[in-house]
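Asks: Before I ask anything, let me first share the structure, which is written out below as structure tokens.
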Amino acid sequence: MSYHSVKLIKRPELEITEDIFNIVTQDIPTPAEGEVLVKLSHLSLDPAMRGWMSADENSYIPPVKLGDTMRASGIGEVVKSNNERFPVGARVMGLMGLTEYAISDGNGLNVIPKELPAEAILSVIALPGITAYHGVFEVLKPEAGQTLIVTAAAGSVGSLVGQMAKNLGLTVVGVAGSDEKCQWLTKELGFDHAINYKDADFVEQLTQATPNGIDLFFENTGGLAQGPIFERINPHGRIAVCGLIADYQKAEPAPGPSWVGIIKRRLSIQGFTMPDHFHRIPEYGQALGSMLGKGELKYRTHVIEGIENATSGINLLFDGKNTGKLIVKL
Ligand SMILES: NC(=O)c1ccc[n+]([C@@H]2O[C@H](COP(=O)([O-])OP(=O)(O)OC[C@H]3O[C@@H](n4cnc5c(N)ncnc54)[C@H](OP(=O)(O)O)[C@@H]3O)[C@@H](O)[C@H]2O)c1
């Protein structure tokens with residue numbers, strides 16, 4: 001019996017092109033003592049994968065080595081086990097890579113409930129949810145009555161950020177790249193305002209949507225919206241720098257706003273990456289599961305089929321063509 005996996009064979013120049021991957025067919029391996037064999041059912045495609053492909057050693061996680069399976073998180077079922085923590089039939093989640101089968105020694109593998117759909121887990125309980133939760137509750141620390149703005153607001157992380165803030169009694173403004181996404185934010189998710197950053201009058205719309213300025217900024221993108229948003233942040237405002245997707249495929253990242261405003265308005269700016277906080281997954285997972293169970297968080301997924309479509313699928317994130325959490329169903 002054989003299976004497919006995606007190997008990274010070249011570093012991307014700027015954009016992700018098909019020639020940097022090789023899809024190989026291999027025999028399904030047998031787990032050694034202490035190991036399990038997992039049959040993957042769903043893979044998660046995330047913007048961070050672009051960073052993991054680059055050669056940059058000065059980051060929060062080492063790059064994927066050339067020739068190795070491309071790193072990605074996924075959900076699967078244990079089909080052979082030599083590890084009593086993960087019996088045959090257990091549903092597990094972890095960074096198992098872009099692959100149909102994976103061997104694991106259990107490190108970084110978590111058993112997850114079978115009751116919830118895989119889509120709900122990858123969209124809410126997994127990386128998007130814990131990222132939104134950490135950024136909102138640990139970095140921005142919102143208070144009712146404040147105004148929060150979030151970029152890539154219709155994406156997996158941004159849509160949860162805005163809903164969490166709405167549930168806490170904030171005024172929430174989302175920034176997204178299409179009118180359809182903006183309508184979903186206001187009509188389905190209850191955002192107070194949603195603005196298309198590609199509109200020529202973006203700055204005017206932003207000014208109208210934030211008459212009392214902006215207290216909290218959850219930054220997912222950089223790019224066109226960042227400068228105008230920065231200018232509307234109130235004294236003592238806080239910025240959580242979660243992602244800068246507009247810069248991931250550029251030779252030179254954008255310079256960003258002047259630091260003078262940080263002094264004048266006494267701003268706090270904090271970057272964060274979730275691997276530093278993975279020890280809090282049980283706590284965050286429980287809180288997110290409870291919010292989901294109470295109907296406080298809605299999500300939508302963008303599902304593509306088959307491992308052979310995973311490599312081109314990643315680019316949907318950079319073209320803004322994903323409508324919801326991007327998932328590969330195997
Ligand atoms: N710090 C962490 O630990 C952590 C963890 C997870 C994610 N993140 C970051 O959070 C951000 C969102 O991730 P996600 O998984 O939720 O992805 P996502 O928002 O579901 O998808 C990415 C979205 O980014 C937007 N985008 C792409 N290029 C853009 C550009 N040049 N300017 C403005 N917007 C652009 C697109 O939406 P539009 O149609 O609106 O343009 C696209 O749909 C990413 O920057 C990611 O790296 C960070």
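Letters A, B, ... go to the chains of the structure tokens in the order shown; residues in each chain start at 1; ligands are counted from 1 in the same order.
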Quick one: DSSP helix (DSSP H, G or I) residues in range 178-241 of chain A, as an mmCIF file with all heavy atoms, in the first residue's frame?

Replies:
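The resulting file, out_24.cif, is shown below:
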```cif
data_model
loop_
_atom_site.group_PDB
_atom_site.id
_atom_site.type_symbol
_atom_site.label_atom_id
_atom_site.label_comp_id
_atom_site.auth_asym_id
_atom_site.auth_seq_id
_atom_site.Cartn_x
_atom_site.Cartn_y
_atom_site.Cartn_z
ATOM 1 N N ASP A 179 -16.171 43.150 -1.362
ATOM 2 C CA ASP A 179 -17.471 43.580 -0.830
ATOM 3 C C ASP A 179 -18.229 42.389 -0.257
ATOM 4 O O ASP A 179 -18.927 42.513 0.743
ATOM 5 C CB ASP A 179 -18.288 44.275 -1.929
ATOM 6 C CG ASP A 179 -17.623 45.587 -2.340
ATOM 7 O OD1 ASP A 179 -16.754 46.084 -1.586
ATOM 8 O OD2 ASP A 179 -17.959 46.108 -3.420
ATOM 9 N N GLU A 180 -18.073 41.227 -0.899
ATOM 10 C CA GLU A 180 -18.761 40.017 -0.383
ATOM 11 C C GLU A 180 -18.281 39.711 1.026
ATOM 12 O O GLU A 180 -19.079 39.424 1.928
ATOM 13 C CB GLU A 180 -18.489 38.833 -1.338
ATOM 14 C CG GLU A 180 -19.239 37.553 -0.981
ATOM 15 C CD GLU A 180 -18.595 36.700 0.123
ATOM 16 O OE1 GLU A 180 -17.359 36.710 0.265
ATOM 17 O OE2 GLU A 180 -19.332 36.041 0.881
ATOM 18 N N LYS A 181 -16.964 39.795 1.253
ATOM 19 C CA LYS A 181 -16.423 39.521 2.597
ATOM 20 C C LYS A 181 -16.947 40.556 3.595
ATOM 21 O O LYS A 181 -17.301 40.230 4.720
ATOM 22 C CB LYS A 181 -14.886 39.518 2.562
ATOM 23 C CG LYS A 181 -14.284 38.307 1.837
ATOM 24 C CD LYS A 181 -12.749 38.306 1.905
ATOM 25 C CE LYS A 181 -12.176 37.115 1.168
ATOM 26 N NZ LYS A 181 -10.703 37.017 1.244
ATOM 27 N N CYS A 182 -16.993 41.819 3.160
ATOM 28 C CA CYS A 182 -17.470 42.882 4.071
ATOM 29 C C CYS A 182 -18.926 42.646 4.448
ATOM 30 O O CYS A 182 -19.310 42.819 5.613
ATOM 31 C CB CYS A 182 -17.290 44.256 3.423
ATOM 32 S SG CYS A 182 -15.561 44.763 3.347
ATOM 33 N N GLN A 183 -19.726 42.220 3.466
ATOM 34 C CA GLN A 183 -21.144 41.955 3.785
ATOM 35 C C GLN A 183 -21.292 40.802 4.751
ATOM 36 O O GLN A 183 -22.136 40.824 5.644
ATOM 37 C CB GLN A 183 -21.911 41.676 2.499
ATOM 38 C CG GLN A 183 -22.371 42.974 1.877
ATOM 39 C CD GLN A 183 -22.965 42.786 0.518
ATOM 40 O OE1 GLN A 183 -23.431 41.706 0.180
ATOM 41 N NE2 GLN A 183 -22.942 43.849 -0.263
ATOM 42 N N TRP A 184 -20.481 39.772 4.582
ATOM 43 C CA TRP A 184 -20.532 38.621 5.512
ATOM 44 C C TRP A 184 -20.221 39.094 6.937
ATOM 45 O O TRP A 184 -20.883 38.692 7.893
ATOM 46 C CB TRP A 184 -19.527 37.552 5.035
ATOM 47 C CG TRP A 184 -19.490 36.328 5.893
ATOM 48 C CD1 TRP A 184 -20.518 35.434 6.075
ATOM 49 C CD2 TRP A 184 -18.392 35.858 6.680
ATOM 50 N NE1 TRP A 184 -20.094 34.439 6.940
ATOM 51 C CE2 TRP A 184 -18.802 34.654 7.323
ATOM 52 C CE3 TRP A 184 -17.090 36.313 6.908
ATOM 53 C CZ2 TRP A 184 -17.972 33.925 8.166
ATOM 54 C CZ3 TRP A 184 -16.263 35.577 7.743
ATOM 55 C CH2 TRP A 184 -16.704 34.407 8.363
ATOM 56 N N LEU A 185 -19.252 39.984 7.053
ATOM 57 C CA LEU A 185 -18.853 40.465 8.387
ATOM 58 C C LEU A 185 -19.987 41.223 9.080
ATOM 59 O O LEU A 185 -20.255 40.990 10.259
ATOM 60 C CB LEU A 185 -17.613 41.361 8.283
ATOM 61 C CG LEU A 185 -16.330 40.650 7.843
ATOM 62 C CD1 LEU A 185 -15.215 41.655 7.584
ATOM 63 C CD2 LEU A 185 -15.893 39.636 8.895
ATOM 64 N N THR A 186 -20.639 42.117 8.349
ATOM 65 C CA THR A 186 -21.678 42.925 9.010
ATOM 66 C C THR A 186 -23.001 42.161 9.103
ATOM 67 O O THR A 186 -23.654 42.174 10.140
ATOM 68 C CB THR A 186 -21.894 44.265 8.284
ATOM 69 O OG1 THR A 186 -22.091 43.990 6.892
ATOM 70 C CG2 THR A 186 -20.721 45.200 8.453
ATOM 71 N N LYS A 187 -23.362 41.440 8.035
ATOM 72 C CA LYS A 187 -24.702 40.798 8.025
ATOM 73 C C LYS A 187 -24.723 39.497 8.822
ATOM 74 O O LYS A 187 -25.697 39.203 9.506
ATOM 75 C CB LYS A 187 -25.143 40.526 6.586
ATOM 76 C CG LYS A 187 -25.319 41.819 5.784
ATOM 77 C CD LYS A 187 -26.459 41.719 4.794
ATOM 78 C CE LYS A 187 -26.862 43.085 4.288
ATOM 79 N NZ LYS A 187 -26.157 43.503 3.088
ATOM 80 N N GLU A 188 -23.651 38.706 8.730
ATOM 81 C CA GLU A 188 -23.669 37.382 9.385
ATOM 82 C C GLU A 188 -22.984 37.389 10.748
ATOM 83 O O GLU A 188 -23.404 36.695 11.659
ATOM 84 C CB GLU A 188 -22.966 36.342 8.498
ATOM 85 C CG GLU A 188 -23.638 36.097 7.174
ATOM 86 C CD GLU A 188 -24.938 35.311 7.309
ATOM 87 O OE1 GLU A 188 -25.029 34.461 8.203
ATOM 88 O OE2 GLU A 188 -25.858 35.588 6.526
ATOM 89 N N PHE A 202 -11.082 54.502 0.941
ATOM 90 C CA PHE A 202 -10.888 53.731 2.181
ATOM 91 C C PHE A 202 -10.674 54.647 3.390
ATOM 92 O O PHE A 202 -11.273 54.454 4.446
ATOM 93 C CB PHE A 202 -9.687 52.773 2.022
ATOM 94 C CG PHE A 202 -9.293 52.094 3.312
ATOM 95 C CD1 PHE A 202 -10.070 51.071 3.849
ATOM 96 C CD2 PHE A 202 -8.161 52.498 4.026
ATOM 97 C CE1 PHE A 202 -9.729 50.456 5.053
ATOM 98 C CE2 PHE A 202 -7.818 51.893 5.227
ATOM 99 C CZ PHE A 202 -8.599 50.873 5.743
ATOM 100 N N VAL A 203 -9.862 55.678 3.216
ATOM 101 C CA VAL A 203 -9.530 56.542 4.361
ATOM 102 C C VAL A 203 -10.781 57.279 4.849
ATOM 103 O O VAL A 203 -11.025 57.370 6.058
ATOM 104 C CB VAL A 203 -8.401 57.531 3.991
ATOM 105 C CG1 VAL A 203 -8.108 58.474 5.150
ATOM 106 C CG2 VAL A 203 -7.132 56.765 3.610
ATOM 107 N N GLU A 204 -11.603 57.747 3.911
ATOM 108 C CA GLU A 204 -12.843 58.445 4.302
ATOM 109 C C GLU A 204 -13.776 57.478 5.030
ATOM 110 O O GLU A 204 -14.354 57.815 6.069
ATOM 111 C CB GLU A 204 -13.576 59.013 3.072
ATOM 112 C CG GLU A 204 -12.913 60.223 2.444
ATOM 113 C CD GLU A 204 -11.717 59.865 1.554
ATOM 114 O OE1 GLU A 204 -11.469 58.656 1.323
ATOM 115 O OE2 GLU A 204 -11.018 60.789 1.128
ATOM 116 N N GLN A 205 -13.899 56.257 4.493
ATOM 117 C CA GLN A 205 -14.783 55.268 5.143
ATOM 118 C C GLN A 205 -14.276 54.932 6.547
ATOM 119 O O GLN A 205 -15.055 54.773 7.484
ATOM 120 C CB GLN A 205 -14.845 53.982 4.317
ATOM 121 C CG GLN A 205 -15.578 54.117 2.996
ATOM 122 C CD GLN A 205 -15.769 52.744 2.353
ATOM 123 O OE1 GLN A 205 -16.249 51.805 2.979
ATOM 124 N NE2 GLN A 205 -15.375 52.630 1.095
ATOM 125 N N LEU A 206 -12.962 54.850 6.683
ATOM 126 C CA LEU A 206 -12.367 54.519 7.985
ATOM 127 C C LEU A 206 -12.669 55.639 8.992
ATOM 128 O O LEU A 206 -13.033 55.378 10.146
ATOM 129 C CB LEU A 206 -10.852 54.340 7.814
ATOM 130 C CG LEU A 206 -10.052 54.030 9.065
ATOM 131 C CD1 LEU A 206 -10.399 52.641 9.595
ATOM 132 C CD2 LEU A 206 -8.551 54.121 8.785
ATOM 133 N N THR A 207 -12.536 56.862 8.530
ATOM 134 C CA THR A 207 -12.796 58.006 9.407
ATOM 135 C C THR A 207 -14.246 58.002 9.872
ATOM 136 O O THR A 207 -14.537 58.194 11.058
ATOM 137 C CB THR A 207 -12.481 59.327 8.653
ATOM 138 O OG1 THR A 207 -11.163 59.213 8.115
ATOM 139 C CG2 THR A 207 -12.548 60.532 9.571
ATOM 140 N N GLN A 208 -15.150 57.736 8.927
ATOM 141 C CA GLN A 208 -16.584 57.713 9.288
ATOM 142 C C GLN A 208 -16.910 56.569 10.249
ATOM 143 O O GLN A 208 -17.735 56.705 11.146
ATOM 144 C CB GLN A 208 -17.431 57.546 8.028
ATOM 145 C CG GLN A 208 -17.691 58.884 7.355
ATOM 146 C CD GLN A 208 -18.435 58.717 6.042
ATOM 147 O OE1 GLN A 208 -19.038 57.676 5.788
ATOM 148 N NE2 GLN A 208 -18.358 59.741 5.217
ATOM 149 N N ALA A 209 -16.229 55.428 10.057
ATOM 150 C CA ALA A 209 -16.548 54.246 10.882
ATOM 151 C C ALA A 209 -15.958 54.350 12.288
ATOM 152 O O ALA A 209 -16.349 53.590 13.173
ATOM 153 C CB ALA A 209 -16.035 52.986 10.188
ATOM 154 N N GLY A 223 0.331 46.277 4.653
ATOM 155 C CA GLY A 223 -0.221 46.704 3.365
ATOM 156 C C GLY A 223 -0.933 48.044 3.441
ATOM 157 O O GLY A 223 -0.705 48.858 4.348
ATOM 158 N N LEU A 224 -1.852 48.226 2.478
ATOM 159 C CA LEU A 224 -2.490 49.533 2.268
ATOM 160 C C LEU A 224 -3.199 50.094 3.498
ATOM 161 O O LEU A 224 -3.207 51.297 3.725
ATOM 162 C CB LEU A 224 -3.554 49.402 1.156
ATOM 163 C CG LEU A 224 -3.064 49.107 -0.255
ATOM 164 C CD1 LEU A 224 -4.260 48.823 -1.168
ATOM 165 C CD2 LEU A 224 -2.274 50.317 -0.764
ATOM 166 N N ALA A 225 -3.797 49.222 4.290
ATOM 167 C CA ALA A 225 -4.646 49.707 5.385
ATOM 168 C C ALA A 225 -3.841 50.169 6.597
ATOM 169 O O ALA A 225 -4.335 50.945 7.412
ATOM 170 C CB ALA A 225 -5.616 48.591 5.809
ATOM 171 N N GLN A 226 -2.613 49.691 6.741
ATOM 172 C CA GLN A 226 -1.892 49.883 8.005
ATOM 173 C C GLN A 226 -1.658 51.349 8.361
ATOM 174 O O GLN A 226 -1.901 51.774 9.500
ATOM 175 C CB GLN A 226 -0.557 49.139 7.973
ATOM 176 C CG GLN A 226 0.105 49.094 9.336
ATOM 177 C CD GLN A 226 1.489 48.473 9.262
ATOM 178 O OE1 GLN A 226 2.385 49.026 8.629
ATOM 179 N NE2 GLN A 226 1.649 47.341 9.901
ATOM 180 N N GLY A 227 -1.168 52.125 7.391
ATOM 181 C CA GLY A 227 -0.845 53.531 7.680
ATOM 182 C C GLY A 227 -2.070 54.314 8.143
ATOM 183 O O GLY A 227 -2.062 54.927 9.220
ATOM 184 N N PRO A 228 -3.175 54.298 7.342
ATOM 185 C CA PRO A 228 -4.376 55.042 7.759
ATOM 186 C C PRO A 228 -4.926 54.569 9.110
ATOM 187 O O PRO A 228 -5.387 55.396 9.908
ATOM 188 C CB PRO A 228 -5.376 54.762 6.631
ATOM 189 C CG PRO A 228 -4.542 54.395 5.451
ATOM 190 C CD PRO A 228 -3.297 53.766 5.968
ATOM 191 N N ILE A 229 -4.871 53.281 9.384
ATOM 192 C CA ILE A 229 -5.374 52.788 10.682
ATOM 193 C C ILE A 229 -4.494 53.346 11.797
ATOM 194 O O ILE A 229 -4.984 53.845 12.819
ATOM 195 C CB ILE A 229 -5.395 51.240 10.729
ATOM 196 C CG1 ILE A 229 -6.447 50.685 9.779
ATOM 197 C CG2 ILE A 229 -5.639 50.744 12.157
ATOM 198 C CD1 ILE A 229 -6.447 49.170 9.630
ATOM 199 N N PHE A 230 -3.193 53.275 11.601
ATOM 200 C CA PHE A 230 -2.247 53.743 12.625
ATOM 201 C C PHE A 230 -2.539 55.197 13.000
ATOM 202 O O PHE A 230 -2.496 55.582 14.167
ATOM 203 C CB PHE A 230 -0.820 53.591 12.091
ATOM 204 C CG PHE A 230 0.247 53.943 13.088
ATOM 205 C CD1 PHE A 230 0.653 53.026 14.055
ATOM 206 C CD2 PHE A 230 0.843 55.198 13.072
ATOM 207 C CE1 PHE A 230 1.641 53.353 14.984
ATOM 208 C CE2 PHE A 230 1.828 55.536 13.995
ATOM 209 C CZ PHE A 230 2.225 54.604 14.953
ATOM 210 N N GLU A 231 -2.855 55.996 11.994
ATOM 211 C CA GLU A 231 -3.104 57.428 12.237
ATOM 212 C C GLU A 231 -4.345 57.671 13.083
ATOM 213 O O GLU A 231 -4.493 58.720 13.689
ATOM 214 C CB GLU A 231 -3.228 58.185 10.913
ATOM 215 C CG GLU A 231 -1.923 58.307 10.148
ATOM 216 C CD GLU A 231 -0.777 58.849 11.015
ATOM 217 O OE1 GLU A 231 -1.021 59.783 11.803
ATOM 218 O OE2 GLU A 231 0.346 58.308 10.913
#
```

Asks: Write out as a VMD selection string each polymer residue (protein, DNA or RNA) that has an atom no more than 7 Å from ligand 1, with only C-alpha atoms and all ligand atoms counted.

Replies: chain A and resid 46 to 48 127 to 128 131 152 to 158 175 to 178 220 to 224 242 to 246 272 to 275 317 to 326

Asks: Between CA of Val136 in chain A and CA of Ala165 in chain A, what distance in Å does the model show, to one decimal?

Replies: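 If I compute the distance from CA of Val136 in chain A to CA of Ala165 in chain A, I get 7.6 Å.
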
Asks: Which polymer residues have any atom within 9 Å of an atom of Val172 in chain A, counting only C-alpha atoms, with same-chain residues fewer than 4 positions away left out, as a list of chain:residue names?

Replies: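 Here the qualifying residues turn out to be A:Gln146, A:Thr147, A:Leu148, A:Ile149, A:Val150, A:Gly162, A:Gln163, A:Ala165, A:Lys166, A:Gly190, A:Phe191, A:Asp192, A:His193, A:Ala194.
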
Asks: Determine, counting only C-alpha atoms, which protein, DNA and RNA residues have an atom within 12 Å of an atom of Gln270 in chain A; residues of the same chain fewer than 2 positions away are not included. Present the result as a PyMOL selection string.

Replies: chain A and resi 134-136+138-140+216-219+237-243+267-268+272-273

Asks: Which neighbours of range 105-116 of chain A fall inside 9 Å, counting only C-alpha atoms, when residues of the same chain fewer than 6 positions from it are skipped, and could you give them as a tab-separated table (two decimals) with all heavy atoms, in the first residue's frame?

Replies:
```tsv
chain	number	residue	atom	x	y	z
A	31	PRO	N	5.03	1.66	12.17
A	31	PRO	CA	5.56	2.42	13.31
A	31	PRO	C	6.50	1.58	14.17
A	31	PRO	O	6.25	0.38	14.38
A	31	PRO	CB	4.29	2.80	14.09
A	31	PRO	CG	3.24	1.84	13.64
A	31	PRO	CD	3.59	1.41	12.26
A	32	ALA	N	7.58	2.20	14.65
A	32	ALA	CA	8.53	1.52	15.55
A	32	ALA	C	7.98	1.58	16.98
A	32	ALA	O	6.89	2.12	17.22
A	32	ALA	CB	9.89	2.21	15.46
A	33	GLU	N	8.75	1.05	17.94
A	33	GLU	CA	8.34	1.07	19.34
A	33	GLU	C	8.09	2.52	19.78
A	33	GLU	O	8.90	3.41	19.50
A	33	GLU	CB	9.48	0.45	20.18
A	33	GLU	CG	9.07	-0.05	21.56
A	33	GLU	CD	7.75	-0.82	21.57
A	33	GLU	OE1	7.57	-1.73	20.74
A	33	GLU	OE2	6.89	-0.47	22.42
A	34	GLY	N	6.96	2.77	20.42
A	34	GLY	CA	6.64	4.12	20.91
A	34	GLY	C	6.00	5.01	19.85
A	34	GLY	O	5.60	6.13	20.15
A	35	GLU	N	5.90	4.52	18.61
A	35	GLU	CA	5.36	5.36	17.52
A	35	GLU	C	3.94	4.95	17.12
A	35	GLU	O	3.49	3.84	17.44
A	35	GLU	CB	6.26	5.25	16.29
A	35	GLU	CG	7.62	5.91	16.47
A	35	GLU	CD	8.47	5.83	15.21
A	35	GLU	OE1	8.19	4.97	14.33
A	35	GLU	OE2	9.42	6.60	15.11
A	36	VAL	N	3.29	5.85	16.40
A	36	VAL	CA	1.97	5.53	15.83
A	36	VAL	C	1.97	5.88	14.33
A	36	VAL	O	2.75	6.72	13.89
A	36	VAL	CB	0.83	6.34	16.52
A	36	VAL	CG1	0.65	5.92	17.95
A	36	VAL	CG2	1.06	7.84	16.42
A	75	ILE	N	-5.44	16.78	10.83
A	75	ILE	CA	-6.23	15.90	11.70
A	75	ILE	C	-6.27	14.52	11.05
A	75	ILE	O	-6.39	14.41	9.83
A	75	ILE	CB	-7.68	16.44	11.83
A	75	ILE	CG1	-7.67	17.72	12.66
A	75	ILE	CG2	-8.61	15.41	12.44
A	75	ILE	CD1	-9.04	18.32	12.87
A	83	ASN	N	2.02	2.98	20.95
A	83	ASN	CA	2.11	4.02	21.98
A	83	ASN	C	0.75	4.06	22.69
A	83	ASN	O	-0.26	4.43	22.08
A	83	ASN	CB	2.43	5.37	21.32
A	83	ASN	CG	2.65	6.48	22.33
A	83	ASN	OD1	2.02	6.50	23.37
A	83	ASN	ND2	3.55	7.40	22.00
A	85	ARG	N	-0.59	6.01	24.70
A	85	ARG	CA	-1.30	7.30	24.80
A	85	ARG	C	-2.20	7.55	23.59
A	85	ARG	O	-3.11	8.36	23.63
A	85	ARG	CB	-0.29	8.45	24.92
A	85	ARG	CG	0.35	8.56	26.32
A	85	ARG	CD	1.53	9.53	26.31
A	85	ARG	NE	1.20	10.83	25.76
A	85	ARG	CZ	2.02	11.54	24.99
A	85	ARG	NH1	3.21	11.08	24.66
A	85	ARG	NH2	1.66	12.73	24.55
A	86	PHE	N	-1.90	6.87	22.49
A	86	PHE	CA	-2.66	7.10	21.25
A	86	PHE	C	-3.11	5.75	20.67
A	86	PHE	O	-2.48	5.22	19.75
A	86	PHE	CB	-1.78	7.85	20.23
A	86	PHE	CG	-1.20	9.13	20.77
A	86	PHE	CD1	0.12	9.17	21.23
A	86	PHE	CD2	-1.97	10.28	20.84
A	86	PHE	CE1	0.65	10.35	21.74
A	86	PHE	CE2	-1.44	11.46	21.35
A	86	PHE	CZ	-0.14	11.49	21.81
A	90	ALA	N	-7.97	6.48	17.78
A	90	ALA	CA	-7.97	7.82	18.37
A	90	ALA	C	-7.88	8.87	17.25
A	90	ALA	O	-7.20	8.67	16.24
A	90	ALA	CB	-6.80	7.98	19.32
A	91	ARG	N	-8.60	9.97	17.46
A	91	ARG	CA	-8.51	11.08	16.50
A	91	ARG	C	-7.46	12.05	17.03
A	91	ARG	O	-7.53	12.44	18.21
A	91	ARG	CB	-9.86	11.76	16.42
A	91	ARG	CG	-9.99	12.66	15.23
A	91	ARG	CD	-11.28	13.39	15.42
A	91	ARG	NE	-11.85	13.83	14.18
A	91	ARG	CZ	-12.87	14.67	14.14
A	91	ARG	NH1	-13.43	15.10	15.24
A	91	ARG	NH2	-13.34	15.05	12.99
A	92	VAL	N	-6.52	12.42	16.19
A	92	VAL	CA	-5.40	13.24	16.67
A	92	VAL	C	-5.17	14.44	15.76
A	92	VAL	O	-5.56	14.44	14.59
A	92	VAL	CB	-4.09	12.41	16.75
A	92	VAL	CG1	-4.17	11.38	17.87
A	92	VAL	CG2	-3.76	11.74	15.43
A	93	MET	N	-4.53	15.45	16.35
A	93	MET	CA	-4.19	16.66	15.60
A	93	MET	C	-2.74	17.02	15.90
A	93	MET	O	-2.27	16.80	17.03
A	93	MET	CB	-5.10	17.81	16.02
A	93	MET	CG	-4.83	19.11	15.28
A	93	MET	SD	-6.21	20.27	15.45
A	93	MET	CE	-6.07	20.73	17.15
A	94	GLY	N	-2.04	17.53	14.92
A	94	GLY	CA	-0.65	17.93	15.15
A	94	GLY	C	-0.01	18.38	13.85
A	94	GLY	O	-0.64	18.38	12.79
A	95	LEU	N	1.27	18.78	13.95
A	95	LEU	CA	2.01	19.24	12.78
A	95	LEU	C	2.57	18.03	12.04
A	95	LEU	O	3.77	17.73	12.14
A	95	LEU	CB	3.16	20.16	13.21
A	95	LEU	CG	2.83	21.62	13.50
A	95	LEU	CD1	4.04	22.34	14.08
A	95	LEU	CD2	2.33	22.36	12.26
A	96	MET	N	1.71	17.31	11.34
A	96	MET	CA	2.14	16.06	10.71
A	96	MET	C	2.58	16.25	9.26
A	96	MET	O	3.12	15.32	8.66
A	96	MET	CB	1.02	15.02	10.83
A	96	MET	CG	0.83	14.58	12.28
A	96	MET	SD	-0.52	13.42	12.52
A	96	MET	CE	-1.93	14.53	12.65
```

Asks: Show which residues sit within 10 Å of Ala126 in chain A, as a ChimeraX atom specification. Count only C-alpha atoms, and ignore same-chain residues fewer than 2 positions away.

Replies: /A:44,73-74,93-94,119-124,128-131,281,284-285,288

Asks: Write the residues of the preceding selection, restricted to N, CA and C atoms, as an mmCIF file, in the first residue's frame.

Replies:
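Listing of again_30.cif after writing:
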```
data_model
loop_
_atom_site.group_PDB
_atom_site.id
_atom_site.type_symbol
_atom_site.label_atom_id
_atom_site.label_comp_id
_atom_site.auth_asym_id
_atom_site.auth_seq_id
_atom_site.Cartn_x
_atom_site.Cartn_y
_atom_site.Cartn_z
ATOM 1 N N SER A 44 -4.489 21.502 7.178
ATOM 2 C CA SER A 44 -4.741 22.933 7.304
ATOM 3 C C SER A 44 -3.709 23.691 6.471
ATOM 4 N N SER A 73 -0.283 21.577 9.694
ATOM 5 C CA SER A 73 -1.007 20.852 10.736
ATOM 6 C C SER A 73 -2.168 20.099 10.097
ATOM 7 N N GLY A 74 -2.625 19.076 10.794
ATOM 8 C CA GLY A 74 -3.700 18.274 10.235
ATOM 9 C C GLY A 74 -4.372 17.419 11.285
ATOM 10 N N MET A 93 -4.535 15.453 16.350
ATOM 11 C CA MET A 93 -4.192 16.665 15.595
ATOM 12 C C MET A 93 -2.738 17.017 15.899
ATOM 13 N N GLY A 94 -2.044 17.529 14.923
ATOM 14 C CA GLY A 94 -0.650 17.935 15.148
ATOM 15 C C GLY A 94 -0.008 18.382 13.849
ATOM 16 N N GLU A 119 -13.820 20.247 10.403
ATOM 17 C CA GLU A 119 -13.808 21.639 9.936
ATOM 18 C C GLU A 119 -13.929 22.607 11.117
ATOM 19 N N ALA A 120 -14.773 22.257 12.084
ATOM 20 C CA ALA A 120 -14.960 23.135 13.254
ATOM 21 C C ALA A 120 -13.675 23.185 14.078
ATOM 22 N N ILE A 121 -13.019 22.046 14.185
ATOM 23 C CA ILE A 121 -11.787 22.012 14.982
ATOM 24 C C ILE A 121 -10.705 22.862 14.313
ATOM 25 N N LEU A 122 -10.515 22.649 12.997
ATOM 26 C CA LEU A 122 -9.444 23.397 12.317
ATOM 27 C C LEU A 122 -9.767 24.891 12.226
ATOM 28 N N SER A 123 -11.044 25.238 12.190
ATOM 29 C CA SER A 123 -11.423 26.652 12.037
ATOM 30 C C SER A 123 -11.449 27.399 13.362
ATOM 31 N N VAL A 124 -11.817 26.711 14.425
ATOM 32 C CA VAL A 124 -12.063 27.436 15.681
ATOM 33 C C VAL A 124 -11.151 26.982 16.823
ATOM 34 N N PRO A 128 -6.271 29.038 14.237
ATOM 35 C CA PRO A 128 -6.966 30.333 14.159
ATOM 36 C C PRO A 128 -7.582 30.749 15.493
ATOM 37 N N GLY A 129 -8.207 29.787 16.161
ATOM 38 C CA GLY A 129 -8.898 30.103 17.415
ATOM 39 C C GLY A 129 -7.942 30.484 18.525
ATOM 40 N N ILE A 130 -6.882 29.692 18.701
ATOM 41 C CA ILE A 130 -5.967 30.003 19.810
ATOM 42 C C ILE A 130 -5.234 31.321 19.534
ATOM 43 N N THR A 131 -5.005 31.601 18.248
ATOM 44 C CA THR A 131 -4.329 32.859 17.888
ATOM 45 C C THR A 131 -5.237 34.049 18.198
ATOM 46 N N ILE A 281 -2.650 25.556 25.143
ATOM 47 C CA ILE A 281 -3.677 25.008 24.241
ATOM 48 C C ILE A 281 -4.844 24.362 25.011
ATOM 49 N N TYR A 284 -6.988 27.302 26.332
ATOM 50 C CA TYR A 284 -7.612 28.061 25.247
ATOM 51 C C TYR A 284 -8.647 27.195 24.520
ATOM 52 N N GLY A 285 -8.297 25.911 24.328
ATOM 53 C CA GLY A 285 -9.197 24.996 23.616
ATOM 54 C C GLY A 285 -10.521 24.859 24.343
ATOM 55 N N LEU A 288 -12.526 28.078 23.872
ATOM 56 C CA LEU A 288 -13.052 28.182 22.504
ATOM 57 C C LEU A 288 -14.181 27.184 22.285
#
```

Asks: For Gly306 in chain A, which residue among A:Lys329, A:Gly145, A:Val173, A:Leu292 is the nearest when counting only C-alpha atoms?

Replies: A:Lys329
